[in-house]
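Asks: First, the structure itself, so that you have it in front of you.
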Amino acid sequence: MGLFTVNRFRPSVESNVAKEDKKDIIDQLKRKAALKLPVSDEKEPKEYMSSKKDGEPKDEKILVPELDEEGLEKLAKTAEDENDDEVSANEAVVEEDFELQVQDLEPAFTLLGEVATKKQKPVKRVLPYWLTRPSVISSNLLNKDLPVESIPGLNKIIVSNLKKNGINYFFPVQQHVIPRLLDYDSPFIPNDLCVSAPTGSGKTLAFVLPMVQNLSHFNVKRVRALVILPVHDLAVQVYKVFSHYVDGSNVKVALISGYTSFMAERESLVRENKLGQTYSLVDVVVATPGRLVDHIEKTVGFDLTDLRYLIIDEADRILEETHSDWLTHIESAVYKKGRTKIQALTIKAMQCINPPLQKLLFSATLTSNPEKLKALKLFQPELYTSVTTTQVDNEPDDKFIGRYTTPEELTEYYCVSDSTLKPLVVQHLVLTNGWKSVLCFHSSRVSTHRLSVLLNSLGRLKAGELSADLSKQDRVKMIEEFKSGKIQILVSTDAMARGMDLGVEAVISYDPPLFPKNYIHRVGRTARAGKPGTAVTILLENQLSSFETLMAAVKNTNVLQVHIEQNELFPYEEEFKTALEEVRNQLTEEEESKKKSILMKRKGSKQHDNMSKFKKRKVS
Ligand SMILES: Nc1ncnc2c1ncn2[C@@H]1O[C@H](COP(=O)(O)OP(=O)(O)OP(=O)(O)O)[C@@H](O)[C@H]1O
């Protein structure tokens, strides 16, 4: 017998029933109907309701009326169906209930619902108060409310650097977060901040500028700000933004993401004096979690005990990165010299002389999962979230508003195509719209490579690819070529969808993303910084309904269909056939050369092993 017994009207019930013939059951029902046996209100199907007219007072319990044979059969069937429904709703029903049901069969005929199974109430998730009561930020980037000179106390050098980079007005997220973080000398313990704002809304400068300003007050170098990013390419991007804005200040920044050798990174972080003591060379470290942990463990003198700001960009993505247990490593590095941990607002915490560690989380799709956020041990967190006005009006009080917000300047389309014609659809979309820089997302590394080779073979577009199959150096080179316009369409995996600021005109999803988050990040590579952008998702006919579900999840009702007729693709037919042949040949060649190089490597390492064995023998 299985673990749970399901209270179906079989098998032992059926064996009882089998003894009586169907007529007996119907007679039994008729008798009960005549006796006016009470039946539960809930279970009574509408068509068998009391025969009283509207307006007449109704009996508390509904009576079974006189029924013909057909009606009674129907009634028995309905009751059985309803019983089955309940079974599926309550998977774990104990055996006891089942026995009870069998005993009660005679007097009350269970099928009418006399023995009610207990329905489990779904547990309603209640979010912490701070997640449901955020400070709301506008998502309108075209509002020129706040010129860069107008934030009180913002350093003149920073203002002039902003203007040099063509930034004259602050975006809403910057208007709110920068003054909040510039409040450096406040006697109060600072709250941790979580910022959820759309892609391309300027979150990077919202933390870079106050860091540069606050840390420029210190003459002695200590690591006081640590910025964590999920992947190397993003770390490089943020490092470059820091490098622009530390210009003219004494703030020094280091990048540790595995782009250069471990030794080179170590040399950029610490130095040893003549007495053998190590000291920090930098104020800000931009890092990926894995590499950071390596340096915490192995770089002598890499000291985080003075850390004042821990900034987690793409926070929801980073919180999924648990393999290196990076958060525990940071915490133990920060508190290893007995620094006071501030977890709650107590008198002891208020008396703490150490500057507290403030955590700042940024994302376009911040998690609302309290379990995940709990791991960060946030202190009195405050949420800033960017929403459209309709979102504020429509969300119930217990929901995290503005979790998924797309940029206002984004125009979204979908296009239905046969799978074989998709490469031509991509080419057609780029050519007919005259797009000069397009990012095209594909689900896997292999298919990303295949599509970029095919687009190049078609000969009308210059395509590149971006995936984890490329080395870090090759990826940086590819991004540079794309930014400079040498490459018109960059085919990429989702691993590259987050955070990259490449200034693209359009995003094409070669296949639909699986999750709402992926959609938000993919389409968010365009329509950045208040500029217009277009996103097209190519779908197969059978993907339409799941795409609708996805759009409902991101509360998106503005996606229009773009039609491409097959005859519009006819002109490419011949070149497509030739290109497919070329791609097949190229991929076979690549496969063979890969196999060869693996064999060579194996041979090489065998020879190496033999040589070292030989040397050992010679020595002994
Ligand atoms: N105030 C501003 N005025 C004009 N452009 C700005 C302003 N602030 C930032 N930008 C530009 O906007 C672009 C997007 O900024 P950023 O990369 O910080 O976006 P983000 O919010 O971090 O996006 P994502 O969530 O995709 O990472 C950058 O090119 C940046 O230089």
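By order of appearance in the structure tokens: chains A, B, ..., then residues from 1 within every chain, and ligands from 1 in the order shown.
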Can you list every residue of chain A that has an atom at most 6 Å from ligand 1, with its nearest atom pair and the distance in Å to one decimal, using only C-alpha atoms and all ligand atoms, ordered by chain then number, as a tab-separated table?
Replies:
residue	atom	partner	partner_atom_place_in_ligand_line	distance
A:Ile167	CA	ligand 1	3 (N)	4.6
A:Tyr169	CA	ligand 1	1 (N)	5.1
A:Phe170	CA	ligand 1	1 (N)	3.8
A:Phe171	CA	ligand 1	1 (N)	4.6
A:Pro198	CA	ligand 1	25 (O)	5.9
A:Thr199	CA	ligand 1	25 (O)	3.5
A:Gly200	CA	ligand 1	19 (O)	3.5
A:Ser201	CA	ligand 1	21 (O)	3.9
A:Gly202	CA	ligand 1	18 (O)	3.4
A:Lys203	CA	ligand 1	21 (O)	3.9
A:Thr204	CA	ligand 1	18 (O)	3.7
A:Leu205	CA	ligand 1	18 (O)	5.7
A:Ser363	CA	ligand 1	25 (O)	5.8
A:Ala364	CA	ligand 1	25 (O)	4.8
A:Gly499	CA	ligand 1	27 (O)	3.3
A:Asp501	CA	ligand 1	17 (O)	5.4
A:Gly524	CA	ligand 1	26 (O)	5.9
A:Arg528	CA	ligand 1	14 (C)	5.5
A:Ala529	CA	ligand 1	12 (O)	4.0
Asks: If we count only C-alpha atoms, what is near range 481-492 of chain A at a cut-off of 7 Å, once residues fewer than 4 positions away on the same chain are taken out, given as an NGL selection string?
Replies: :A and (436-442 or 448 or 452 or 461-467 or 477 or 496 or 502)
Asks: Please produce an output containing N, CA and C atoms for each residue in the selection, written as a tab-separated table (two decimals), in the first residue's frame.
Replies:
chain	number	residue	atom	x	y	z
A	436	LYS	N	21.79	49.34	-37.30
A	436	LYS	CA	23.25	49.27	-37.42
A	436	LYS	C	23.88	48.47	-36.28
A	437	SER	N	23.17	48.40	-35.14
A	437	SER	CA	23.73	47.61	-34.02
A	437	SER	C	22.61	46.81	-33.37
A	438	VAL	N	22.72	45.50	-33.52
A	438	VAL	CA	21.65	44.62	-33.05
A	438	VAL	C	22.26	43.53	-32.17
A	439	LEU	N	21.57	43.26	-31.08
A	439	LEU	CA	21.99	42.15	-30.23
A	439	LEU	C	20.95	41.05	-30.42
A	440	CYS	N	21.41	39.84	-30.74
A	440	CYS	CA	20.46	38.75	-31.00
A	440	CYS	C	20.71	37.64	-29.97
A	441	PHE	N	19.69	37.31	-29.18
A	441	PHE	CA	19.87	36.30	-28.13
A	441	PHE	C	19.45	34.92	-28.60
A	442	HIS	N	20.28	33.96	-28.25
A	442	HIS	CA	20.00	32.57	-28.57
A	442	HIS	C	20.24	31.76	-27.31
A	448	THR	N	24.44	29.61	-30.69
A	448	THR	CA	24.91	30.99	-30.87
A	448	THR	C	26.02	31.02	-31.93
A	452	SER	N	25.76	32.71	-35.77
A	452	SER	CA	26.66	33.79	-36.21
A	452	SER	C	27.41	33.38	-37.47
A	461	LEU	N	25.24	40.67	-43.63
A	461	LEU	CA	25.50	41.31	-42.34
A	461	LEU	C	26.85	40.85	-41.81
A	462	LYS	N	27.48	41.73	-41.02
A	462	LYS	CA	28.72	41.30	-40.36
A	462	LYS	C	28.33	40.90	-38.94
A	463	ALA	N	28.44	39.59	-38.67
A	463	ALA	CA	27.98	39.08	-37.36
A	463	ALA	C	29.15	38.66	-36.48
A	464	GLY	N	28.93	38.78	-35.17
A	464	GLY	CA	29.91	38.31	-34.19
A	464	GLY	C	29.18	37.47	-33.15
A	465	GLU	N	29.92	36.85	-32.25
A	465	GLU	CA	29.25	36.05	-31.22
A	465	GLU	C	29.86	36.34	-29.86
A	466	LEU	N	29.01	36.15	-28.84
A	466	LEU	CA	29.44	36.42	-27.47
A	466	LEU	C	28.90	35.31	-26.58
A	467	SER	N	29.80	34.46	-26.12
A	467	SER	CA	29.34	33.41	-25.20
A	467	SER	C	30.50	32.99	-24.33
A	477	LYS	N	37.43	41.89	-26.77
A	477	LYS	CA	37.74	42.34	-28.14
A	477	LYS	C	36.45	42.40	-28.98
A	496	MET	N	25.18	36.73	-21.23
A	496	MET	CA	25.67	38.09	-21.50
A	496	MET	C	24.52	39.11	-21.48
A	502	LEU	N	25.74	48.45	-24.29
A	502	LEU	CA	26.42	48.45	-25.58
A	502	LEU	C	25.80	49.45	-26.56
Asks: Which residue gives the smallest distance to Leu580 in chain A among A:Val453, A:Val562, A:Leu599, A:Ala527, with only C-alpha atoms counted?
Replies: A:Val453
Asks: I'd like the contact shell of Ala235 in chain A - 12 Å cut-off, only C-alpha atoms, skipping same-chain residues fewer than 4 positions apart - returned as a CSV table (one decimal) with N, CA, C and O atoms, in the first residue's frame.
Replies:
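In the end it all went to out_10.csv:
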chain,number,residue,atom,x,y,z
A,204,THR,N,24.3,52.5,-12.2
A,204,THR,CA,25.7,52.4,-11.9
A,204,THR,C,26.2,53.7,-11.4
A,204,THR,O,26.9,53.8,-10.3
A,226,LEU,N,33.5,47.8,-1.8
A,226,LEU,CA,33.7,46.6,-2.5
A,226,LEU,C,32.4,46.4,-3.4
A,226,LEU,O,31.3,46.4,-2.9
A,227,VAL,N,32.7,46.3,-4.7
A,227,VAL,CA,31.5,46.2,-5.7
A,227,VAL,C,31.6,44.8,-6.2
A,227,VAL,O,32.6,44.4,-6.8
A,228,ILE,N,30.5,44.0,-6.1
A,228,ILE,CA,30.5,42.6,-6.6
A,228,ILE,C,29.5,42.6,-7.8
A,228,ILE,O,28.4,43.1,-7.8
A,229,LEU,N,30.1,41.9,-8.8
A,229,LEU,CA,29.3,41.7,-10.1
A,229,LEU,C,29.3,40.3,-10.5
A,229,LEU,O,30.3,39.6,-10.2
A,230,PRO,N,28.3,39.8,-11.1
A,230,PRO,CA,28.2,38.3,-11.4
A,230,PRO,C,29.2,37.8,-12.4
A,230,PRO,O,29.7,36.7,-12.3
A,231,VAL,N,29.6,38.6,-13.4
A,231,VAL,CA,30.5,38.2,-14.5
A,231,VAL,C,31.6,39.2,-14.8
A,231,VAL,O,31.4,40.4,-14.5
A,239,TYR,N,34.1,48.9,-13.7
A,239,TYR,CA,35.5,49.4,-13.4
A,239,TYR,C,35.8,50.6,-14.3
A,239,TYR,O,36.3,51.6,-13.8
A,240,LYS,N,35.4,50.5,-15.5
A,240,LYS,CA,35.6,51.6,-16.5
A,240,LYS,C,34.9,52.9,-16.0
A,240,LYS,O,35.4,54.0,-16.1
A,241,VAL,N,33.6,52.7,-15.5
A,241,VAL,CA,32.8,53.9,-15.1
A,241,VAL,C,33.5,54.5,-13.9
A,241,VAL,O,33.7,55.7,-13.8
A,242,PHE,N,34.0,53.7,-13.0
A,242,PHE,CA,34.8,54.2,-11.8
A,242,PHE,C,36.0,55.0,-12.3
A,242,PHE,O,36.2,56.1,-11.9
A,253,VAL,N,41.1,52.6,-7.7
A,253,VAL,CA,40.2,51.5,-7.9
A,253,VAL,C,40.9,50.3,-8.5
A,253,VAL,O,41.8,50.5,-9.3
A,254,ALA,N,40.6,49.1,-8.1
A,254,ALA,CA,41.2,47.9,-8.7
A,254,ALA,C,40.1,46.9,-9.2
A,254,ALA,O,39.0,46.9,-8.6
A,255,LEU,N,40.5,46.2,-10.2
A,255,LEU,CA,39.6,45.2,-10.8
A,255,LEU,C,40.1,43.8,-10.5
A,255,LEU,O,41.3,43.5,-10.9
A,256,ILE,N,39.3,43.0,-9.9
A,256,ILE,CA,39.8,41.6,-9.7
A,256,ILE,C,38.7,40.6,-10.2
A,256,ILE,O,37.7,40.3,-9.5
A,257,SER,N,38.8,40.3,-11.5
A,257,SER,CA,37.8,39.4,-12.1
A,257,SER,C,38.4,38.3,-13.0
A,257,SER,O,37.7,37.7,-13.7
A,258,GLY,N,39.7,38.2,-12.8
A,258,GLY,CA,40.3,37.1,-13.6
A,258,GLY,C,40.8,37.5,-15.0
A,258,GLY,O,41.1,36.6,-15.8
A,259,TYR,N,40.7,38.8,-15.3
A,259,TYR,CA,41.1,39.2,-16.7
A,259,TYR,C,42.6,39.1,-16.8
A,259,TYR,O,43.2,38.7,-17.8
A,285,VAL,N,37.3,48.2,-4.6
A,285,VAL,CA,37.6,47.0,-5.4
A,285,VAL,C,36.4,46.5,-6.1
A,285,VAL,O,35.3,46.4,-5.5
A,286,VAL,N,36.5,46.3,-7.4
A,286,VAL,CA,35.4,45.8,-8.2
A,286,VAL,C,35.8,44.4,-8.5
A,286,VAL,O,36.8,44.1,-9.1
A,287,ALA,N,34.9,43.5,-8.2
A,287,ALA,CA,35.2,42.0,-8.2
A,287,ALA,C,34.1,41.1,-8.6
A,287,ALA,O,32.9,41.5,-8.5
A,288,THR,N,34.5,39.9,-9.1
A,288,THR,CA,33.5,38.9,-9.3
A,288,THR,C,33.6,38.0,-8.1
A,288,THR,O,34.7,37.9,-7.5
A,289,PRO,N,32.6,37.3,-7.7
A,289,PRO,CA,32.6,36.5,-6.4
A,289,PRO,C,33.8,35.5,-6.3
A,289,PRO,O,34.5,35.5,-5.2
A,291,ARG,N,36.7,35.2,-7.8
A,291,ARG,CA,38.1,35.8,-7.8
A,291,ARG,C,38.3,36.5,-6.4
A,291,ARG,O,39.4,36.5,-5.8
A,292,LEU,N,37.2,37.1,-5.9
A,292,LEU,CA,37.3,37.8,-4.6
A,292,LEU,C,37.7,36.8,-3.5
A,292,LEU,O,38.5,37.1,-2.7
A,312,ILE,N,26.2,45.4,-4.2
A,312,ILE,CA,26.0,44.1,-4.9
A,312,ILE,C,25.1,44.5,-6.1
A,312,ILE,O,23.9,44.8,-6.0
A,313,ASP,N,25.8,44.6,-7.3
A,313,ASP,CA,25.0,44.9,-8.5
A,313,ASP,C,24.5,43.6,-9.1
A,313,ASP,O,25.1,42.6,-8.9
A,314,GLU,N,23.4,43.7,-9.8
A,314,GLU,CA,22.7,42.6,-10.3
A,314,GLU,C,22.4,41.6,-9.1
A,314,GLU,O,22.7,40.4,-9.2
A,472,LYS,N,38.0,35.4,-22.0
A,472,LYS,CA,37.7,36.7,-21.5
A,472,LYS,C,38.3,37.8,-22.5
A,472,LYS,O,37.6,38.8,-22.8
A,476,VAL,N,36.2,40.6,-24.6
A,476,VAL,CA,36.4,42.1,-24.6
A,476,VAL,C,36.6,42.6,-26.0
A,476,VAL,O,36.1,43.7,-26.3
A,498,ARG,N,22.7,40.4,-19.0
A,498,ARG,CA,22.6,41.3,-17.9
A,498,ARG,C,23.6,42.5,-18.0
A,498,ARG,O,24.8,42.3,-18.2
A,499,GLY,N,23.1,43.6,-17.7
A,499,GLY,CA,23.9,44.8,-17.4
A,499,GLY,C,24.7,45.4,-18.5
A,499,GLY,O,25.1,46.5,-18.4
A,500,MET,N,25.0,44.6,-19.6
A,500,MET,CA,25.9,45.2,-20.6
A,500,MET,C,25.3,46.4,-21.3
A,500,MET,O,24.1,46.4,-21.7
A,501,ASP,N,26.1,47.4,-21.4
A,501,ASP,CA,25.7,48.7,-21.9
A,501,ASP,C,26.4,48.9,-23.2
A,501,ASP,O,27.5,49.5,-23.3
Asks: Given only C-alpha atoms as the basis, pick out the residue of A:Glu320, A:Asp474, A:Glu409, A:Asp283 nearest to Met211 in chain A.
Replies: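 With only C-alpha atoms as the atom set, the closest residue is A:Asp283.
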Asks: Taking only C-alpha atoms into account, which of A:Ser139, A:Glu297, A:Ser261, A:Gln586 comes nearest Ser196 in chain A?
Replies: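 The answer is A:Ser139, which sits nearest to Ser196 in chain A.
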Asks: Would you pick out the contacts of Lys336 in chain A at 12 Å or less, using only C-alpha atoms, so that residues sharing its chain but fewer than 2 positions from it are not included, and give the list as an NGL selection string?
Replies: :A and (296 or 303-307 or 328-334 or 338-341)
Asks: CA of Asp316 in chain A and CA of Arg266 in chain A, how far apart in Å?
Replies: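 Spanning CA of Arg266 in chain A to CA of Asp316 in chain A is a straight-line distance of 28.5 Å.
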Asks: From the list A:His244, A:Lys298, A:Lys555, A:Lys359, which residue is nearest Val159 in chain A when using only C-alpha atoms?
Replies: A:His244
Asks: Pick out each residue of range 209-258 of chain A that DSSP on the backbone tags as helix (DSSP H, G or I); I need them as an MDAnalysis selection string.
Replies: chainID A and resid 209:215 232:245
Asks: Could you go through range 467-608 of chain A and tell me which residues DSSP, when run on the backbone, assigns to strand (DSSP E), listing them as a PyMOL selection string?
Replies: chain A and resi 489-492+506-509+533-539+560-561
Asks: So that I can check the surroundings of Glu149 in chain A, please list as a PDB file with all heavy atoms, in the first residue's frame every protein, DNA and RNA residue that reaches within 10 Å of it, counting only C-alpha atoms and ignoring chain neighbours fewer than 3 positions away.
Replies:
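File produced: selection.pdb:
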ATOM      1  N   LEU A 146      16.486  67.670 -12.619  1.00  0.00           N
ATOM      2  CA  LEU A 146      17.611  67.929 -11.725  1.00  0.00           C
ATOM      3  C   LEU A 146      18.939  68.059 -12.467  1.00  0.00           C
ATOM      4  O   LEU A 146      19.571  67.064 -12.823  1.00  0.00           O
ATOM      5  CB  LEU A 146      17.686  66.774 -10.707  1.00  0.00           C
ATOM      6  CG  LEU A 146      18.512  67.043  -9.467  1.00  0.00           C
ATOM      7  CD1 LEU A 146      17.842  68.067  -8.561  1.00  0.00           C
ATOM      8  CD2 LEU A 146      18.739  65.757  -8.692  1.00  0.00           C
ATOM      9  N   PRO A 152      23.166  69.249  -3.581  1.00  0.00           N
ATOM     10  CA  PRO A 152      24.026  69.983  -2.655  1.00  0.00           C
ATOM     11  C   PRO A 152      25.197  69.120  -2.195  1.00  0.00           C
ATOM     12  O   PRO A 152      25.034  67.933  -1.909  1.00  0.00           O
ATOM     13  CB  PRO A 152      23.103  70.316  -1.473  1.00  0.00           C
ATOM     14  CG  PRO A 152      21.759  69.824  -1.827  1.00  0.00           C
ATOM     15  CD  PRO A 152      21.813  69.039  -3.065  1.00  0.00           C
ATOM     16  N   GLY A 153      26.365  69.691  -2.213  1.00  0.00           N
ATOM     17  CA  GLY A 153      27.548  68.989  -1.700  1.00  0.00           C
ATOM     18  C   GLY A 153      28.239  68.107  -2.706  1.00  0.00           C
ATOM     19  O   GLY A 153      29.279  67.519  -2.394  1.00  0.00           O
ATOM     20  N   LEU A 154      27.716  67.990  -3.903  1.00  0.00           N
ATOM     21  CA  LEU A 154      28.391  67.114  -4.880  1.00  0.00           C
ATOM     22  C   LEU A 154      29.618  67.843  -5.419  1.00  0.00           C
ATOM     23  O   LEU A 154      29.545  68.981  -5.906  1.00  0.00           O
ATOM     24  CB  LEU A 154      27.437  66.737  -6.023  1.00  0.00           C
ATOM     25  CG  LEU A 154      27.954  65.645  -6.966  1.00  0.00           C
ATOM     26  CD1 LEU A 154      28.140  64.327  -6.239  1.00  0.00           C
ATOM     27  CD2 LEU A 154      27.005  65.422  -8.138  1.00  0.00           C
ATOM     28  N   ASN A 155      30.725  67.160  -5.284  1.00  0.00           N
ATOM     29  CA  ASN A 155      32.035  67.687  -5.647  1.00  0.00           C
ATOM     30  C   ASN A 155      32.078  68.289  -7.059  1.00  0.00           C
ATOM     31  O   ASN A 155      31.522  67.708  -7.989  1.00  0.00           O
ATOM     32  CB  ASN A 155      32.961  66.466  -5.567  1.00  0.00           C
ATOM     33  CG  ASN A 155      34.378  66.832  -5.504  1.00  0.00           C
ATOM     34  OD1 ASN A 155      34.835  67.618  -6.320  1.00  0.00           O
ATOM     35  ND2 ASN A 155      35.065  66.274  -4.535  1.00  0.00           N
ATOM     36  N   LYS A 156      32.774  69.448  -7.169  1.00  0.00           N
ATOM     37  CA  LYS A 156      32.821  70.137  -8.473  1.00  0.00           C
ATOM     38  C   LYS A 156      33.537  69.292  -9.528  1.00  0.00           C
ATOM     39  O   LYS A 156      33.197  69.338 -10.719  1.00  0.00           O
ATOM     40  CB  LYS A 156      33.534  71.479  -8.326  1.00  0.00           C
ATOM     41  CG  LYS A 156      32.601  72.532  -7.773  1.00  0.00           C
ATOM     42  CD  LYS A 156      33.213  73.920  -7.874  1.00  0.00           C
ATOM     43  CE  LYS A 156      32.282  74.928  -7.238  1.00  0.00           C
ATOM     44  NZ  LYS A 156      32.929  75.787  -6.282  1.00  0.00           N
ATOM     45  N   ILE A 158      33.514  66.088  -9.770  1.00  0.00           N
ATOM     46  CA  ILE A 158      32.565  65.067 -10.255  1.00  0.00           C
ATOM     47  C   ILE A 158      31.582  65.696 -11.240  1.00  0.00           C
ATOM     48  O   ILE A 158      31.305  65.146 -12.309  1.00  0.00           O
ATOM     49  CB  ILE A 158      31.813  64.414  -9.063  1.00  0.00           C
ATOM     50  CG1 ILE A 158      32.797  63.595  -8.232  1.00  0.00           C
ATOM     51  CG2 ILE A 158      30.660  63.540  -9.553  1.00  0.00           C
ATOM     52  CD1 ILE A 158      32.228  62.903  -7.032  1.00  0.00           C
ATOM     53  N   VAL A 159      31.094  66.883 -10.885  1.00  0.00           N
ATOM     54  CA  VAL A 159      30.148  67.567 -11.776  1.00  0.00           C
ATOM     55  C   VAL A 159      30.799  67.811 -13.135  1.00  0.00           C
ATOM     56  O   VAL A 159      30.187  67.567 -14.192  1.00  0.00           O
ATOM     57  CB  VAL A 159      29.662  68.898 -11.143  1.00  0.00           C
ATOM     58  CG1 VAL A 159      28.822  69.696 -12.129  1.00  0.00           C
ATOM     59  CG2 VAL A 159      28.862  68.623  -9.880  1.00  0.00           C
ATOM     60  N   SER A 160      32.072  68.263 -13.102  1.00  0.00           N
ATOM     61  CA  SER A 160      32.707  68.548 -14.400  1.00  0.00           C
ATOM     62  C   SER A 160      32.961  67.249 -15.174  1.00  0.00           C
ATOM     63  O   SER A 160      32.826  67.214 -16.394  1.00  0.00           O
ATOM     64  CB  SER A 160      33.957  69.405 -14.214  1.00  0.00           C
ATOM     65  OG  SER A 160      35.087  68.618 -14.193  1.00  0.00           O
ATOM     66  N   LEU A 162      31.022  64.662 -15.087  1.00  0.00           N
ATOM     67  CA  LEU A 162      29.710  64.283 -15.623  1.00  0.00           C
ATOM     68  C   LEU A 162      29.459  65.025 -16.932  1.00  0.00           C
ATOM     69  O   LEU A 162      29.052  64.443 -17.933  1.00  0.00           O
ATOM     70  CB  LEU A 162      28.603  64.628 -14.628  1.00  0.00           C
ATOM     71  CG  LEU A 162      28.391  63.657 -13.462  1.00  0.00           C
ATOM     72  CD1 LEU A 162      27.513  64.266 -12.387  1.00  0.00           C
ATOM     73  CD2 LEU A 162      27.763  62.364 -13.946  1.00  0.00           C
ATOM     74  N   LYS A 163      29.736  66.321 -16.885  1.00  0.00           N
ATOM     75  CA  LYS A 163      29.482  67.139 -18.082  1.00  0.00           C
ATOM     76  C   LYS A 163      30.385  66.715 -19.233  1.00  0.00           C
ATOM     77  O   LYS A 163      29.951  66.693 -20.395  1.00  0.00           O
ATOM     78  CB  LYS A 163      29.671  68.623 -17.748  1.00  0.00           C
ATOM     79  CG  LYS A 163      28.561  69.103 -16.826  1.00  0.00           C
ATOM     80  CD  LYS A 163      28.476  70.581 -16.789  1.00  0.00           C
ATOM     81  CE  LYS A 163      27.117  70.990 -16.262  1.00  0.00           C
ATOM     82  NZ  LYS A 163      26.973  72.412 -16.157  1.00  0.00           N
ATOM     83  N   ASN A 168      24.089  65.914 -18.213  1.00  0.00           N
ATOM     84  CA  ASN A 168      23.735  67.228 -17.678  1.00  0.00           C
ATOM     85  C   ASN A 168      22.624  67.183 -16.635  1.00  0.00           C
ATOM     86  O   ASN A 168      22.486  68.098 -15.835  1.00  0.00           O
ATOM     87  CB  ASN A 168      23.308  68.157 -18.822  1.00  0.00           C
ATOM     88  CG  ASN A 168      24.455  68.373 -19.792  1.00  0.00           C
ATOM     89  OD1 ASN A 168      25.573  68.693 -19.380  1.00  0.00           O
ATOM     90  ND2 ASN A 168      24.204  68.148 -21.085  1.00  0.00           N
ATOM     91  N   TYR A 169      21.824  66.136 -16.685  1.00  0.00           N
ATOM     92  CA  TYR A 169      20.719  66.002 -15.726  1.00  0.00           C
ATOM     93  C   TYR A 169      20.777  64.626 -15.092  1.00  0.00           C
ATOM     94  O   TYR A 169      21.187  63.659 -15.748  1.00  0.00           O
ATOM     95  CB  TYR A 169      19.360  66.150 -16.434  1.00  0.00           C
ATOM     96  CG  TYR A 169      19.179  67.502 -17.048  1.00  0.00           C
ATOM     97  CD1 TYR A 169      19.593  67.747 -18.360  1.00  0.00           C
ATOM     98  CD2 TYR A 169      18.608  68.543 -16.315  1.00  0.00           C
ATOM     99  CE1 TYR A 169      19.452  69.000 -18.931  1.00  0.00           C
ATOM    100  CE2 TYR A 169      18.462  69.805 -16.886  1.00  0.00           C
ATOM    101  CZ  TYR A 169      18.885  70.026 -18.191  1.00  0.00           C
ATOM    102  OH  TYR A 169      18.744  71.263 -18.740  1.00  0.00           O
ATOM    103  N   PHE A 170      20.345  64.543 -13.853  1.00  0.00           N
ATOM    104  CA  PHE A 170      20.313  63.233 -13.210  1.00  0.00           C
ATOM    105  C   PHE A 170      19.017  62.494 -13.548  1.00  0.00           C
ATOM    106  O   PHE A 170      17.959  63.117 -13.694  1.00  0.00           O
ATOM    107  CB  PHE A 170      20.436  63.385 -11.685  1.00  0.00           C
ATOM    108  CG  PHE A 170      21.854  63.627 -11.241  1.00  0.00           C
ATOM    109  CD1 PHE A 170      22.179  64.740 -10.489  1.00  0.00           C
ATOM    110  CD2 PHE A 170      22.861  62.737 -11.577  1.00  0.00           C
ATOM    111  CE1 PHE A 170      23.488  64.962 -10.075  1.00  0.00           C
ATOM    112  CE2 PHE A 170      24.173  62.947 -11.173  1.00  0.00           C
ATOM    113  CZ  PHE A 170      24.483  64.058 -10.428  1.00  0.00           C
TER     114      PHE A 170
END
Asks: Please compute the CA of Asn369 in chain A-CA of Arg317 in chain A distance, one decimal, in Å.
Replies: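 CA of Arg317 in chain A lies 12.5 Å from CA of Asn369 in chain A.
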Asks: Show me, as number ranges by chain, the residues that have an atom within 8 Å of range 536-546 of chain A when counting only C-alpha atoms, minus same-chain residues fewer than 5 positions from it.
Replies: A: 412-419, 422, 506-512
Asks: For Pro356 in chain A, which residue among A:Thr299, A:Thr411, A:Asn191, A:Gln473 is the nearest when counting only C-alpha atoms?
Replies: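 Of all the options, A:Asn191 lies closest to Pro356 in chain A.
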Asks: What does the distance from CA of Leu127 in chain A to CA of Val554 in chain A come to in Å, to one decimal?
Replies: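 Interatomic distance, CA of Leu127 in chain A to CA of Val554 in chain A: 19.0 Å.
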Asks: Could you pull the residues within 8 Å of Phe576 in chain A, counting only C-alpha atoms, minus those fewer than 4 positions along the same chain, as a ChimeraX atom specification?
Replies: /A:424,458,572,580
Asks: With C-alpha atoms retained, write the just-selected residues as a CSV table (one decimal), in the first residue's frame.
Replies:
chain,number,residue,atom,x,y,z
A,424,LEU,CA,16.3,34.8,-42.7
A,458,LEU,CA,24.6,34.8,-45.9
A,572,TYR,CA,17.2,35.2,-50.1
A,580,LEU,CA,23.7,26.3,-45.2
